[in-house]
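For reference, upload-v6.pdb (PDB, C-alpha atoms and all ligand atoms):
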ATOM      1  CA  MET J   1      53.698 -19.770 -28.890
ATOM      2  CA  LEU J   2      54.136 -18.772 -25.305
ATOM      3  CA  HIS J   3      52.721 -15.421 -26.237
ATOM      4  CA  ILE J   4      49.569 -16.974 -27.761
ATOM      5  CA  THR J   5      49.054 -19.230 -24.764
ATOM      6  CA  LYS J   6      49.329 -16.233 -22.503
ATOM      7  CA  LEU J   7      46.810 -14.397 -24.619
ATOM      8  CA  TRP J   8      44.322 -17.262 -24.477
ATOM      9  CA  THR J   9      44.792 -17.656 -20.770
ATOM     10  CA  GLY J  10      44.056 -13.947 -20.478
ATOM     11  CA  VAL J  11      40.892 -14.228 -22.578
ATOM     12  CA  ALA J  12      39.718 -17.282 -20.625
ATOM     13  CA  LEU J  13      40.359 -15.500 -17.362
ATOM     14  CA  ALA J  14      38.526 -12.388 -18.519
ATOM     15  CA  SER J  15      35.507 -14.370 -19.658
ATOM     16  CA  MET J  16      35.484 -16.325 -16.397
ATOM     17  CA  LEU J  17      35.464 -13.065 -14.518
ATOM     18  CA  PHE J  18      32.669 -11.806 -16.736
ATOM     19  CA  VAL J  19      30.571 -14.919 -16.108
ATOM     20  CA  GLY J  20      31.301 -14.514 -12.417
ATOM     21  CA  ALA J  21      30.100 -10.927 -12.453
ATOM     22  CA  ALA J  22      27.046 -11.819 -14.508
ATOM     23  CA  SER J  23      25.977 -14.579 -12.157
ATOM     24  CA  ALA J  24      26.264 -12.136  -9.237
ATOM     25  CA  GLN J  25      23.463 -10.073 -10.741
ATOM     26  CA  ALA J  26      20.205 -10.551  -8.913
ATOM     27  CA  VAL J  27      16.768  -9.629 -10.188
ATOM     28  CA  LEU J  28      14.435  -9.110  -7.238
ATOM     29  CA  LYS J  29      10.737  -9.839  -7.732
ATOM     30  CA  SER J  30       8.162  -7.366  -6.460
ATOM     31  CA  SER J  31       4.383  -7.703  -6.484
ATOM     32  CA  ASP J  32       1.647  -5.074  -6.850
ATOM     33  CA  THR J  33      -2.091  -5.461  -7.287
ATOM     34  CA  HIS J  34      -2.340  -2.301  -9.399
ATOM     35  CA  PRO J  35      -1.825  -1.926 -13.147
ATOM     36  CA  ASP J  36       1.340  -0.650 -14.754
ATOM     37  CA  GLY J  37       1.589   3.130 -14.479
ATOM     38  CA  TYR J  38      -0.192   3.301 -11.082
ATOM     39  CA  PRO J  39       1.795   5.479  -8.621
ATOM     40  CA  THR J  40       2.788   2.551  -6.369
ATOM     41  CA  VAL J  41       4.022   0.497  -9.347
ATOM     42  CA  GLU J  42       6.000   3.492 -10.614
ATOM     43  CA  GLY J  43       7.372   4.166  -7.110
ATOM     44  CA  VAL J  44       8.806   0.661  -6.873
ATOM     45  CA  LYS J  45      10.111   0.823 -10.456
ATOM     46  CA  HIS J  46      11.907   4.043  -9.568
ATOM     47  CA  PHE J  47      13.376   2.328  -6.492
ATOM     48  CA  GLY J  48      14.586  -0.469  -8.804
ATOM     49  CA  GLU J  49      16.251   1.970 -11.202
ATOM     50  CA  LEU J  50      18.079   3.712  -8.367
ATOM     51  CA  VAL J  51      19.219   0.409  -6.871
ATOM     52  CA  LYS J  52      20.448  -0.798 -10.257
ATOM     53  CA  GLU J  53      22.359   2.416 -10.875
ATOM     54  CA  ARG J  54      23.862   2.596  -7.382
ATOM     55  CA  THR J  55      24.930  -1.075  -7.258
ATOM     56  CA  ALA J  56      26.376  -0.893 -10.783
ATOM     57  CA  GLY J  57      23.797  -3.397 -11.992
ATOM     58  CA  ARG J  58      24.357  -6.045  -9.304
ATOM     59  CA  TYR J  59      20.712  -5.702  -8.219
ATOM     60  CA  SER J  60      17.621  -4.825 -10.196
ATOM     61  CA  VAL J  61      13.885  -5.121  -9.631
ATOM     62  CA  GLU J  62      11.145  -6.646 -11.741
ATOM     63  CA  VAL J  63       7.667  -5.425 -10.779
ATOM     64  CA  TYR J  64       4.875  -7.962 -11.346
ATOM     65  CA  HIS J  65       1.947  -5.535 -11.499
ATOM     66  CA  SER J  66      -1.790  -6.197 -11.997
ATOM     67  CA  ALA J  67      -1.859  -8.967  -9.356
ATOM     68  CA  GLN J  68       0.108 -11.309 -11.657
ATOM     69  CA  LEU J  69       1.469 -13.069  -8.555
ATOM     70  CA  GLY J  70      -1.874 -13.132  -6.748
ATOM     71  CA  GLU J  71      -4.015 -11.101  -4.387
ATOM     72  CA  GLU J  72      -2.456  -9.169  -1.501
ATOM     73  CA  LYS J  73      -2.997 -11.752   1.250
ATOM     74  CA  ASP J  74      -1.239 -14.402  -0.864
ATOM     75  CA  THR J  75       1.647 -12.193  -1.902
ATOM     76  CA  ILE J  76       2.226 -11.242   1.741
ATOM     77  CA  GLU J  77       2.823 -14.950   2.420
ATOM     78  CA  GLN J  78       5.138 -15.118  -0.609
ATOM     79  CA  VAL J  79       7.311 -12.247   0.592
ATOM     80  CA  ARG J  80       7.365 -13.512   4.179
ATOM     81  CA  SER J  81       8.562 -16.929   3.058
ATOM     82  CA  GLY J  82      11.027 -15.536   0.518
ATOM     83  CA  VAL J  83       9.328 -16.808  -2.666
ATOM     84  CA  ILE J  84       9.505 -13.152  -3.732
ATOM     85  CA  GLU J  85      11.891 -10.597  -2.263
ATOM     86  CA  LEU J  86       9.741  -7.465  -2.402
ATOM     87  CA  ASN J  87       6.094  -6.471  -2.157
ATOM     88  CA  ARG J  88       4.014  -3.310  -2.214
ATOM     89  CA  VAL J  89       0.788  -3.758  -0.284
ATOM     90  CA  SER J  90      -1.657  -1.707   1.734
ATOM     91  CA  MET J  91      -1.174  -1.362   5.509
ATOM     92  CA  ALA J  92      -4.566  -2.934   6.310
ATOM     93  CA  PRO J  93      -3.914  -6.572   5.263
ATOM     94  CA  PHE J  94      -1.098  -6.613   7.863
ATOM     95  CA  ASN J  95      -3.462  -5.747  10.723
ATOM     96  CA  GLY J  96      -3.879  -9.372  11.814
ATOM     97  CA  THR J  97      -0.120 -10.068  11.724
ATOM     98  CA  VAL J  98       1.611  -6.891  12.889
ATOM     99  CA  LYS J  99      -0.232  -5.351  15.833
ATOM    100  CA  GLU J 100       1.277  -1.877  15.410
ATOM    101  CA  SER J 101       0.025  -1.700  11.809
ATOM    102  CA  ILE J 102      -3.496  -1.273  13.244
ATOM    103  CA  VAL J 103      -2.796   2.282  14.371
ATOM    104  CA  PRO J 104      -2.360   3.959  10.949
ATOM    105  CA  ALA J 105      -5.375   1.943   9.729
ATOM    106  CA  LEU J 106      -7.718   3.366  12.370
ATOM    107  CA  PRO J 107     -10.542   5.546  11.088
ATOM    108  CA  TYR J 108      -9.896   9.269  11.478
ATOM    109  CA  ILE J 109      -6.601   8.742  13.322
ATOM    110  CA  PHE J 110      -4.930  11.212  10.953
ATOM    111  CA  ARG J 111      -6.270  14.750  10.689
ATOM    112  CA  SER J 112      -4.818  15.262   7.212
ATOM    113  CA  GLU J 113      -2.347  13.822   4.746
ATOM    114  CA  ASP J 114       0.271  16.186   6.171
ATOM    115  CA  HIS J 115      -0.350  14.784   9.650
ATOM    116  CA  MET J 116       0.040  11.243   8.259
ATOM    117  CA  HIS J 117       3.347  12.208   6.567
ATOM    118  CA  THR J 118       4.756  13.800   9.727
ATOM    119  CA  VAL J 119       3.859  10.711  11.767
ATOM    120  CA  MET J 120       5.030   8.065   9.295
ATOM    121  CA  ASP J 121       8.253   9.936   8.390
ATOM    122  CA  GLY J 122       9.207  10.325  12.059
ATOM    123  CA  VAL J 123       9.957   8.206  15.120
ATOM    124  CA  ILE J 124       6.441   6.700  15.229
ATOM    125  CA  GLY J 125       6.914   5.523  11.656
ATOM    126  CA  ASP J 126      10.225   3.964  12.728
ATOM    127  CA  GLN J 127       8.498   2.160  15.605
ATOM    128  CA  ILE J 128       5.865   0.774  13.222
ATOM    129  CA  LYS J 129       8.569  -0.267  10.751
ATOM    130  CA  ALA J 130      10.463  -2.154  13.478
ATOM    131  CA  ALA J 131       7.283  -4.042  14.413
ATOM    132  CA  PHE J 132       7.292  -5.745  10.988
ATOM    133  CA  GLU J 133      10.655  -7.450  11.587
ATOM    134  CA  PRO J 134       9.395 -10.323  13.770
ATOM    135  CA  ALA J 135       7.021 -11.109  10.885
ATOM    136  CA  GLY J 136      10.071 -11.599   8.653
ATOM    137  CA  LEU J 137       9.764  -8.273   6.866
ATOM    138  CA  VAL J 138      11.816  -5.113   6.543
ATOM    139  CA  VAL J 139       9.731  -2.046   5.703
ATOM    140  CA  LEU J 140      11.594  -0.076   3.052
ATOM    141  CA  ALA J 141       9.023   2.695   2.637
ATOM    142  CA  PHE J 142       5.544   3.973   3.328
ATOM    143  CA  TYR J 143       3.816   5.316   0.245
ATOM    144  CA  ASP J 144       0.735   7.506  -0.197
ATOM    145  CA  ALA J 145      -2.753   6.206  -0.866
ATOM    146  CA  GLY J 146      -4.782   9.319  -0.041
ATOM    147  CA  ALA J 147      -8.092   8.949   1.778
ATOM    148  CA  ARG J 148     -10.550   6.066   1.433
ATOM    149  CA  SER J 149     -14.294   6.769   1.164
ATOM    150  CA  PHE J 150     -17.418   4.688   0.579
ATOM    151  CA  TYR J 151     -18.995   4.394  -2.861
ATOM    152  CA  ASN J 152     -22.047   2.440  -3.953
ATOM    153  CA  SER J 153     -24.509   1.680  -6.710
ATOM    154  CA  LYS J 154     -27.677   2.907  -4.941
ATOM    155  CA  LYS J 155     -27.589   6.464  -3.606
ATOM    156  CA  PRO J 156     -25.422   9.278  -2.266
ATOM    157  CA  ILE J 157     -24.451   8.715   1.383
ATOM    158  CA  LYS J 158     -24.733  11.989   3.299
ATOM    159  CA  THR J 159     -25.136  10.902   6.903
ATOM    160  CA  VAL J 160     -24.368   7.734   8.881
ATOM    161  CA  GLU J 161     -28.105   6.940   8.705
ATOM    162  CA  ASP J 162     -27.843   6.515   4.924
ATOM    163  CA  LEU J 163     -25.464   3.565   5.330
ATOM    164  CA  LYS J 164     -27.843   1.505   7.482
ATOM    165  CA  GLY J 165     -28.194  -2.069   6.285
ATOM    166  CA  MET J 166     -26.119  -1.599   3.129
ATOM    167  CA  LYS J 167     -23.571  -4.209   2.018
ATOM    168  CA  PHE J 168     -19.991  -3.127   1.346
ATOM    169  CA  ARG J 169     -16.796  -4.831   0.378
ATOM    170  CA  VAL J 170     -13.986  -3.702   2.665
ATOM    171  CA  ILE J 171     -10.252  -4.253   2.522
ATOM    172  CA  GLN J 172      -9.210  -7.430   4.369
ATOM    173  CA  SER J 173      -8.836  -6.216   7.956
ATOM    174  CA  ASP J 174     -10.979  -6.545  11.090
ATOM    175  CA  ILE J 175     -10.625  -2.814  11.670
ATOM    176  CA  PHE J 176     -12.517  -2.169   8.442
ATOM    177  CA  VAL J 177     -15.138  -4.814   9.224
ATOM    178  CA  ASP J 178     -15.785  -3.290  12.656
ATOM    179  CA  MET J 179     -15.711   0.265  11.323
ATOM    180  CA  THR J 180     -18.423  -0.612   8.806
ATOM    181  CA  ALA J 181     -20.487  -2.368  11.464
ATOM    182  CA  ALA J 182     -20.154   0.687  13.743
ATOM    183  CA  LEU J 183     -21.743   2.693  10.934
ATOM    184  CA  GLY J 184     -24.688   0.290  10.807
ATOM    185  CA  ALA J 185     -23.694  -1.344   7.505
ATOM    186  CA  ASN J 186     -22.531  -4.880   6.643
ATOM    187  CA  ALA J 187     -18.958  -5.568   5.603
ATOM    188  CA  THR J 188     -17.666  -8.368   3.424
ATOM    189  CA  PRO J 189     -13.872  -8.492   3.312
ATOM    190  CA  MET J 190     -12.791  -9.850  -0.065
ATOM    191  CA  PRO J 191      -9.770  -9.650  -2.382
ATOM    192  CA  TYR J 192      -9.519  -6.524  -4.507
ATOM    193  CA  GLY J 193      -9.734  -8.459  -7.761
ATOM    194  CA  GLU J 194     -13.231  -9.749  -6.937
ATOM    195  CA  VAL J 195     -14.801  -6.363  -6.220
ATOM    196  CA  TYR J 196     -15.812  -5.345  -9.752
ATOM    197  CA  SER J 197     -17.792  -8.503 -10.505
ATOM    198  CA  SER J 198     -19.336  -8.527  -7.017
ATOM    199  CA  LEU J 199     -20.586  -4.986  -7.568
ATOM    200  CA  GLU J 200     -21.802  -5.870 -11.032
ATOM    201  CA  THR J 201     -23.767  -8.913  -9.890
ATOM    202  CA  GLY J 202     -25.093  -7.147  -6.788
ATOM    203  CA  VAL J 203     -23.404  -9.460  -4.256
ATOM    204  CA  ILE J 204     -22.341  -6.165  -2.667
ATOM    205  CA  GLU J 205     -23.804  -2.684  -3.073
ATOM    206  CA  GLY J 206     -20.615  -0.775  -2.560
ATOM    207  CA  ALA J 207     -16.979  -0.686  -1.545
ATOM    208  CA  GLU J 208     -14.492   1.847  -0.211
ATOM    209  CA  ASN J 209     -11.304   3.189  -1.688
ATOM    210  CA  ASN J 210      -9.398   6.245  -2.930
ATOM    211  CA  PHE J 211      -9.957   7.931  -6.330
ATOM    212  CA  PRO J 212      -7.076   6.256  -8.218
ATOM    213  CA  SER J 213      -8.296   2.757  -7.228
ATOM    214  CA  TYR J 214     -11.949   3.630  -7.875
ATOM    215  CA  ASP J 215     -10.846   4.809 -11.322
ATOM    216  CA  THR J 216      -8.272   2.222 -12.428
ATOM    217  CA  ALA J 217     -10.237  -0.802 -11.166
ATOM    218  CA  LYS J 218     -13.254   0.672 -13.016
ATOM    219  CA  HIS J 219     -15.495   0.414  -9.964
ATOM    220  CA  PHE J 220     -17.096   3.741 -10.953
ATOM    221  CA  GLU J 221     -18.742   1.914 -13.863
ATOM    222  CA  VAL J 222     -20.776  -0.213 -11.450
ATOM    223  CA  ALA J 223     -21.012   2.040  -8.360
ATOM    224  CA  LYS J 224     -21.455   5.663  -9.333
ATOM    225  CA  TYR J 225     -22.118   7.338  -5.960
ATOM    226  CA  TYR J 226     -18.857   8.315  -4.289
ATOM    227  CA  SER J 227     -19.358   9.913  -0.850
ATOM    228  CA  MET J 228     -16.401  11.744   0.682
ATOM    229  CA  ASP J 229     -16.457  10.436   4.239
ATOM    230  CA  GLU J 230     -12.642   9.965   4.059
ATOM    231  CA  HIS J 231     -12.650   7.401   6.863
ATOM    232  CA  THR J 232      -8.975   6.471   6.621
ATOM    233  CA  ILE J 233      -5.764   7.987   5.325
ATOM    234  CA  LEU J 234      -4.232   4.567   4.961
ATOM    235  CA  PRO J 235      -0.569   4.377   3.932
ATOM    236  CA  GLU J 236       0.828   1.768   1.565
ATOM    237  CA  VAL J 237       3.779  -0.379   2.685
ATOM    238  CA  PHE J 238       6.757  -1.441   0.569
ATOM    239  CA  VAL J 239       8.414  -4.438   2.232
ATOM    240  CA  MET J 240      11.372  -6.735   1.681
ATOM    241  CA  ASN J 241      11.881 -10.298   2.896
ATOM    242  CA  LYS J 242      14.047  -9.923   6.002
ATOM    243  CA  ALA J 243      16.386 -12.823   5.248
ATOM    244  CA  ALA J 244      17.052 -11.379   1.776
ATOM    245  CA  PHE J 245      17.711  -7.947   3.279
ATOM    246  CA  ASP J 246      20.013  -9.377   5.953
ATOM    247  CA  LYS J 247      22.083 -11.095   3.235
ATOM    248  CA  LEU J 248      22.982  -7.737   1.680
ATOM    249  CA  THR J 249      26.269  -6.119   2.668
ATOM    250  CA  PRO J 250      25.884  -3.108   4.994
ATOM    251  CA  GLU J 251      26.783  -0.862   2.038
ATOM    252  CA  ASP J 252      24.061  -2.398  -0.125
ATOM    253  CA  GLN J 253      21.536  -2.192   2.718
ATOM    254  CA  ALA J 254      22.246   1.538   2.907
ATOM    255  CA  ILE J 255      21.792   1.814  -0.871
ATOM    256  CA  PHE J 256      18.423   0.008  -0.691
ATOM    257  CA  LYS J 257      17.201   2.182   2.179
ATOM    258  CA  GLN J 258      18.247   5.424   0.507
ATOM    259  CA  ALA J 259      16.744   4.361  -2.834
ATOM    260  CA  ALA J 260      13.473   3.558  -1.053
ATOM    261  CA  LYS J 261      13.521   6.963   0.645
ATOM    262  CA  ASP J 262      14.152   8.667  -2.691
ATOM    263  CA  SER J 263      11.317   6.701  -4.287
ATOM    264  CA  VAL J 264       8.900   8.093  -1.668
ATOM    265  CA  THR J 265       9.410  11.628  -2.985
ATOM    266  CA  LYS J 266       8.659  10.426  -6.496
ATOM    267  CA  GLN J 267       5.634   8.339  -5.439
ATOM    268  CA  ARG J 268       4.093  11.266  -3.531
ATOM    269  CA  GLU J 269       4.362  13.537  -6.567
ATOM    270  CA  LEU J 270       2.825  10.883  -8.801
ATOM    271  CA  TRP J 271       0.123  10.257  -6.208
ATOM    272  CA  SER J 272      -1.212  13.805  -6.032
ATOM    273  CA  ALA J 273      -1.224  14.115  -9.816
ATOM    274  CA  LYS J 274      -3.029  10.770 -10.196
ATOM    275  CA  THR J 275      -5.660  11.645  -7.564
ATOM    276  CA  ALA J 276      -6.656  14.798  -9.457
ATOM    277  CA  GLU J 277      -6.586  12.966 -12.789
ATOM    278  CA  SER J 278      -8.686  10.048 -11.534
ATOM    279  CA  ARG J 279     -11.258  12.323  -9.958
ATOM    280  CA  ALA J 280     -11.655  14.104 -13.285
ATOM    281  CA  VAL J 281     -11.906  10.786 -15.177
ATOM    282  CA  VAL J 282     -14.670   9.374 -12.967
ATOM    283  CA  GLU J 283     -16.633  12.624 -12.904
ATOM    284  CA  LYS J 284     -16.520  12.795 -16.680
ATOM    285  CA  ALA J 285     -17.805   9.221 -16.810
ATOM    286  CA  GLY J 286     -20.821  10.166 -14.677
ATOM    287  CA  ALA J 287     -19.728   9.402 -11.106
ATOM    288  CA  GLN J 288     -21.513  11.590  -8.557
ATOM    289  CA  ILE J 289     -19.294  12.831  -5.774
ATOM    290  CA  ASN J 290     -20.796  14.327  -2.631
ATOM    291  CA  ASP J 291     -19.669  15.591   0.784
ATOM    292  CA  VAL J 292     -20.878  13.956   3.985
ATOM    293  CA  GLU J 293     -21.625  15.115   7.521
ATOM    294  CA  LYS J 294     -18.274  13.887   8.719
ATOM    295  CA  GLN J 295     -18.635  14.523  12.447
ATOM    296  CA  GLY J 296     -21.293  11.799  12.668
ATOM    297  CA  PHE J 297     -18.837   9.325  11.116
ATOM    298  CA  ILE J 298     -16.053  10.365  13.475
ATOM    299  CA  ASP J 299     -18.334  10.034  16.539
ATOM    300  CA  ALA J 300     -19.462   6.543  15.457
ATOM    301  CA  MET J 301     -15.882   5.213  15.590
ATOM    302  CA  LYS J 302     -15.568   5.054  19.379
ATOM    303  CA  PRO J 303     -16.388   1.306  19.628
ATOM    304  CA  VAL J 304     -13.703   0.488  17.047
ATOM    305  CA  TYR J 305     -11.043   2.165  19.183
ATOM    306  CA  GLU J 306     -12.441   0.567  22.347
ATOM    307  CA  LYS J 307     -12.343  -2.918  20.843
ATOM    308  CA  HIS J 308      -8.932  -2.787  19.168
ATOM    309  CA  ILE J 309      -6.866  -0.374  21.245
ATOM    310  CA  THR J 310      -6.733  -2.363  24.430
ATOM    311  CA  ASP J 311      -3.080  -2.981  25.275
ATOM    312  CA  GLU J 312      -0.639  -0.382  26.554
ATOM    313  CA  VAL J 313       1.595  -0.375  23.469
ATOM    314  CA  LEU J 314      -1.280   0.509  21.169
ATOM    315  CA  LYS J 315      -2.821   2.984  23.616
ATOM    316  CA  LYS J 316       0.474   4.859  23.793
ATOM    317  CA  LEU J 317       0.940   4.709  20.033
ATOM    318  CA  VAL J 318      -2.522   6.192  19.431
ATOM    319  CA  ALA J 319      -1.880   8.955  21.974
ATOM    320  CA  ASP J 320       1.526   9.657  20.395
ATOM    321  CA  VAL J 321       0.005   9.913  16.905
ATOM    322  CA  GLN J 322      -2.717  12.241  18.153
ATOM    323  CA  ALA J 323      -0.152  14.437  19.892
ATOM    324  CA  VAL J 324       1.855  15.011  16.704
ATOM    325  CA  GLN J 325       1.082  18.491  15.369
TER     326      GLN J 325
HETATM  327  C1  LIG J 401      -5.867   0.157  -2.715
HETATM  328  C2  LIG J 401      -4.480  -0.265  -2.334
HETATM  329  C3  LIG J 401      -4.256  -1.702  -2.730
HETATM  330  C4  LIG J 401      -5.353  -2.605  -2.206
HETATM  331  C5  LIG J 401      -6.723  -2.032  -2.469
HETATM  332  C6  LIG J 401      -7.838  -2.813  -1.783
HETATM  333  O1  LIG J 401      -6.083   1.494  -2.333
HETATM  334  O2  LIG J 401      -3.530   0.527  -3.014
HETATM  335  O3  LIG J 401      -2.988  -2.086  -2.298
HETATM  336  O4  LIG J 401      -5.161  -2.836  -0.836
HETATM  337  O5  LIG J 401      -6.814  -0.677  -2.063
HETATM  338  O6  LIG J 401      -8.796  -2.183  -1.367
HETATM  339  O7  LIG J 401      -7.750  -4.048  -1.692
END
Starting from the file, lay out its structure as structure tokens.
Ligand code: GTR
Amino acid sequence: MLHITKLWTGVALASMLFVGAASAQAVLKSSDTHPDGYPTVEGVKHFGELVKERTAGRYSVEVYHSAQLGEEKDTIEQVRSGVIELNRVSMAPFNGTVKESIVPALPYIFRSEDHMHTVMDGVIGDQIKAAFEPAGLVVLAFYDAGARSFYNSKKPIKTVEDLKGMKFRVIQSDIFVDMTAALGANATPMPYGEVYSSLETGVIEGAENNFPSYDTAKHFEVAKYYSMDEHTILPEVFVMNKAAFDKLTPEDQAIFKQAAKDSVTKQRELWSAKTAESRAVVEKAGAQINDVEKQGFIDAMKPVYEKHITDEVLKKLVADVQAVQ
């Protein structure tokens, strides 16, 4: 009898422990505007797999892709307030909130993708990451998003002159609004999800983005002239709610940071493959891609720098980025 009681006590104890362990499992929510399979979505999924493996299942990540949780501006509020723990967004929508995020969003600040990687992987990247903390966010990683260029439904853009008076949707940032104005065109900042129908109905004549976005959002169907002005090499940002990050043990924080770092390698590989694939897809579908006289675009950007790079912190940051070889 005693033996049986002992056995039952043991079973009860074991199941209590099991319930305890199960309830300690946390599924972290992450948002992304892109569809499943897009390199940023896959980057965060990879991060989630590594975290799950390295915390023995205590933490895992559920990616809500395809803007299921809303457009970027809204999901930034959600991750800042802790409604969701994670978010993968572009750098530009942070420009109004995190001053230092302006620098990597400046037109032609980076000479190449390699230059961008060296800057963002180094001490300047660390300085920009730290600047997100007062906004309640910990930057886990910067991901690739290639170069953004203008595309439109009317004609190939070859010189700055060709843009005069045209109407473009730009990503939601004053830098992009002022950049477009400096080129003599009109900018309408609007959420990503509204771009296709606005192009279709003619509310706008064009937009600006990289090849994978131009392809997967199907903008090439309604704006077939893609002109390679490559005005920004704008990184993506993968952030975590700071309070949620601070609640992790130091060991788990290290696991999250390392997993994020490892996911960057994966995302970059996926990114270059997807860029080539998307370019081929849009060309096959009839998109016309042309080169532009880039120097004219670069020269036109002076007023954007003059307007936005006014304080000493940003002036130094710009000079530091430019000095990186
Ligand atoms: C894409 C970026 C998205 C989103 C989009 C946009 O390149 O990956 O996060 O910011 O651009 O233009 O809104």
Closest atom pairs, stretch 272-297 of chain J residues within 12 Å of stretch 37-57 of chain J, all atoms listed in the file, as CSV:
residue,atom,partner,partner_atom,distance
J:Ser272,CA,J:Pro39,CA,9.2
J:Ala273,CA,J:Pro39,CA,9.2
J:Lys274,CA,J:Pro39,CA,7.3
J:Thr275,CA,J:Pro39,CA,9.7
J:Glu277,CA,J:Tyr38,CA,11.7
J:Ser278,CA,J:Tyr38,CA,10.9
Using the chain letters and numbers from the file, give me the residues hit by the PyMOL selection byres (((not hetatm)) within 10 of (chain J and resi 401)), as a tab-separated table (two decimals) with C-alpha atoms, keeping the file's coordinate frame.
chain	number	residue	atom	x	y	z
J	32	ASP	CA	1.65	-5.07	-6.85
J	33	THR	CA	-2.09	-5.46	-7.29
J	34	HIS	CA	-2.34	-2.30	-9.40
J	38	TYR	CA	-0.19	3.30	-11.08
J	39	PRO	CA	1.80	5.48	-8.62
J	40	THR	CA	2.79	2.55	-6.37
J	41	VAL	CA	4.02	0.50	-9.35
J	67	ALA	CA	-1.86	-8.97	-9.36
J	71	GLU	CA	-4.01	-11.10	-4.39
J	72	GLU	CA	-2.46	-9.17	-1.50
J	73	LYS	CA	-3.00	-11.75	1.25
J	88	ARG	CA	4.01	-3.31	-2.21
J	89	VAL	CA	0.79	-3.76	-0.28
J	90	SER	CA	-1.66	-1.71	1.73
J	91	MET	CA	-1.17	-1.36	5.51
J	92	ALA	CA	-4.57	-2.93	6.31
J	93	PRO	CA	-3.91	-6.57	5.26
J	143	TYR	CA	3.82	5.32	0.24
J	144	ASP	CA	0.74	7.51	-0.20
J	145	ALA	CA	-2.75	6.21	-0.87
J	146	GLY	CA	-4.78	9.32	-0.04
J	147	ALA	CA	-8.09	8.95	1.78
J	148	ARG	CA	-10.55	6.07	1.43
J	169	ARG	CA	-16.80	-4.83	0.38
J	170	VAL	CA	-13.99	-3.70	2.66
J	171	ILE	CA	-10.25	-4.25	2.52
J	172	GLN	CA	-9.21	-7.43	4.37
J	173	SER	CA	-8.84	-6.22	7.96
J	189	PRO	CA	-13.87	-8.49	3.31
J	190	MET	CA	-12.79	-9.85	-0.06
J	191	PRO	CA	-9.77	-9.65	-2.38
J	192	TYR	CA	-9.52	-6.52	-4.51
J	193	GLY	CA	-9.73	-8.46	-7.76
J	194	GLU	CA	-13.23	-9.75	-6.94
J	195	VAL	CA	-14.80	-6.36	-6.22
J	207	ALA	CA	-16.98	-0.69	-1.54
J	208	GLU	CA	-14.49	1.85	-0.21
J	209	ASN	CA	-11.30	3.19	-1.69
J	210	ASN	CA	-9.40	6.24	-2.93
J	211	PHE	CA	-9.96	7.93	-6.33
J	212	PRO	CA	-7.08	6.26	-8.22
J	213	SER	CA	-8.30	2.76	-7.23
J	214	TYR	CA	-11.95	3.63	-7.88
J	217	ALA	CA	-10.24	-0.80	-11.17
J	234	LEU	CA	-4.23	4.57	4.96
J	235	PRO	CA	-0.57	4.38	3.93
J	236	GLU	CA	0.83	1.77	1.56
J	237	VAL	CA	3.78	-0.38	2.68
Exercise. Would you mind listing what lies within 12 Å of J:Met116 as a PyMOL selection string, with all atoms listed in the file counted and same-chain residues fewer than 3 positions away left out?
Key: chain J and resi 103-106+108-113+119-122+124-125+142-147+232-236+321-322+324-325
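When all atoms listed in the file are used to compute distances to J:Ala135, the closest of the residues J:Glu251, J:Glu161, J:Glu100, J:Glu221 turns out to be J:Glu100.
Going from atom CA of J:Tyr59 over to atom CA of J:Ala26, you cover 4.9 Å.
Relative to atom CA of J:Leu140, atom CA of J:Leu28 is found at 14.0 Å.
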Please rebuild stretch 282-291 of chain J with N, CA and C atoms and give the result as a PDB file, in the coordinates of the input.
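out-v8.pdb, freshly written:
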ATOM      1  N   VAL J 282     -13.419   9.985 -13.429  1.00  0.00           N
ATOM      2  CA  VAL J 282     -14.670   9.374 -12.967  1.00  0.00           C
ATOM      3  C   VAL J 282     -15.835  10.360 -13.068  1.00  0.00           C
ATOM      4  N   GLU J 283     -15.552  11.619 -12.805  1.00  0.00           N
ATOM      5  CA  GLU J 283     -16.633  12.624 -12.904  1.00  0.00           C
ATOM      6  C   GLU J 283     -17.115  12.736 -14.350  1.00  0.00           C
ATOM      7  N   LYS J 284     -16.180  12.699 -15.270  1.00  0.00           N
ATOM      8  CA  LYS J 284     -16.520  12.795 -16.680  1.00  0.00           C
ATOM      9  C   LYS J 284     -17.373  11.591 -17.101  1.00  0.00           C
ATOM     10  N   ALA J 285     -17.076  10.452 -16.468  1.00  0.00           N
ATOM     11  CA  ALA J 285     -17.805   9.221 -16.810  1.00  0.00           C
ATOM     12  C   ALA J 285     -19.155   9.131 -16.094  1.00  0.00           C
ATOM     13  N   GLY J 286     -19.494  10.146 -15.295  1.00  0.00           N
ATOM     14  CA  GLY J 286     -20.821  10.166 -14.677  1.00  0.00           C
ATOM     15  C   GLY J 286     -20.876   9.855 -13.193  1.00  0.00           C
ATOM     16  N   ALA J 287     -19.706   9.655 -12.559  1.00  0.00           N
ATOM     17  CA  ALA J 287     -19.728   9.402 -11.106  1.00  0.00           C
ATOM     18  C   ALA J 287     -20.222  10.659 -10.392  1.00  0.00           C
ATOM     19  N   GLN J 288     -21.014  10.453  -9.331  1.00  0.00           N
ATOM     20  CA  GLN J 288     -21.513  11.590  -8.557  1.00  0.00           C
ATOM     21  C   GLN J 288     -20.818  11.624  -7.208  1.00  0.00           C
ATOM     22  N   ILE J 289     -20.093  12.714  -6.995  1.00  0.00           N
ATOM     23  CA  ILE J 289     -19.294  12.831  -5.774  1.00  0.00           C
ATOM     24  C   ILE J 289     -19.992  13.805  -4.829  1.00  0.00           C
ATOM     25  N   ASN J 290     -20.161  13.401  -3.581  1.00  0.00           N
ATOM     26  CA  ASN J 290     -20.796  14.327  -2.631  1.00  0.00           C
ATOM     27  C   ASN J 290     -20.066  14.361  -1.296  1.00  0.00           C
ATOM     28  N   ASP J 291     -20.226  15.461  -0.563  1.00  0.00           N
ATOM     29  CA  ASP J 291     -19.669  15.591   0.784  1.00  0.00           C
ATOM     30  C   ASP J 291     -20.596  14.923   1.779  1.00  0.00           C
TER      31      ASP J 291
END
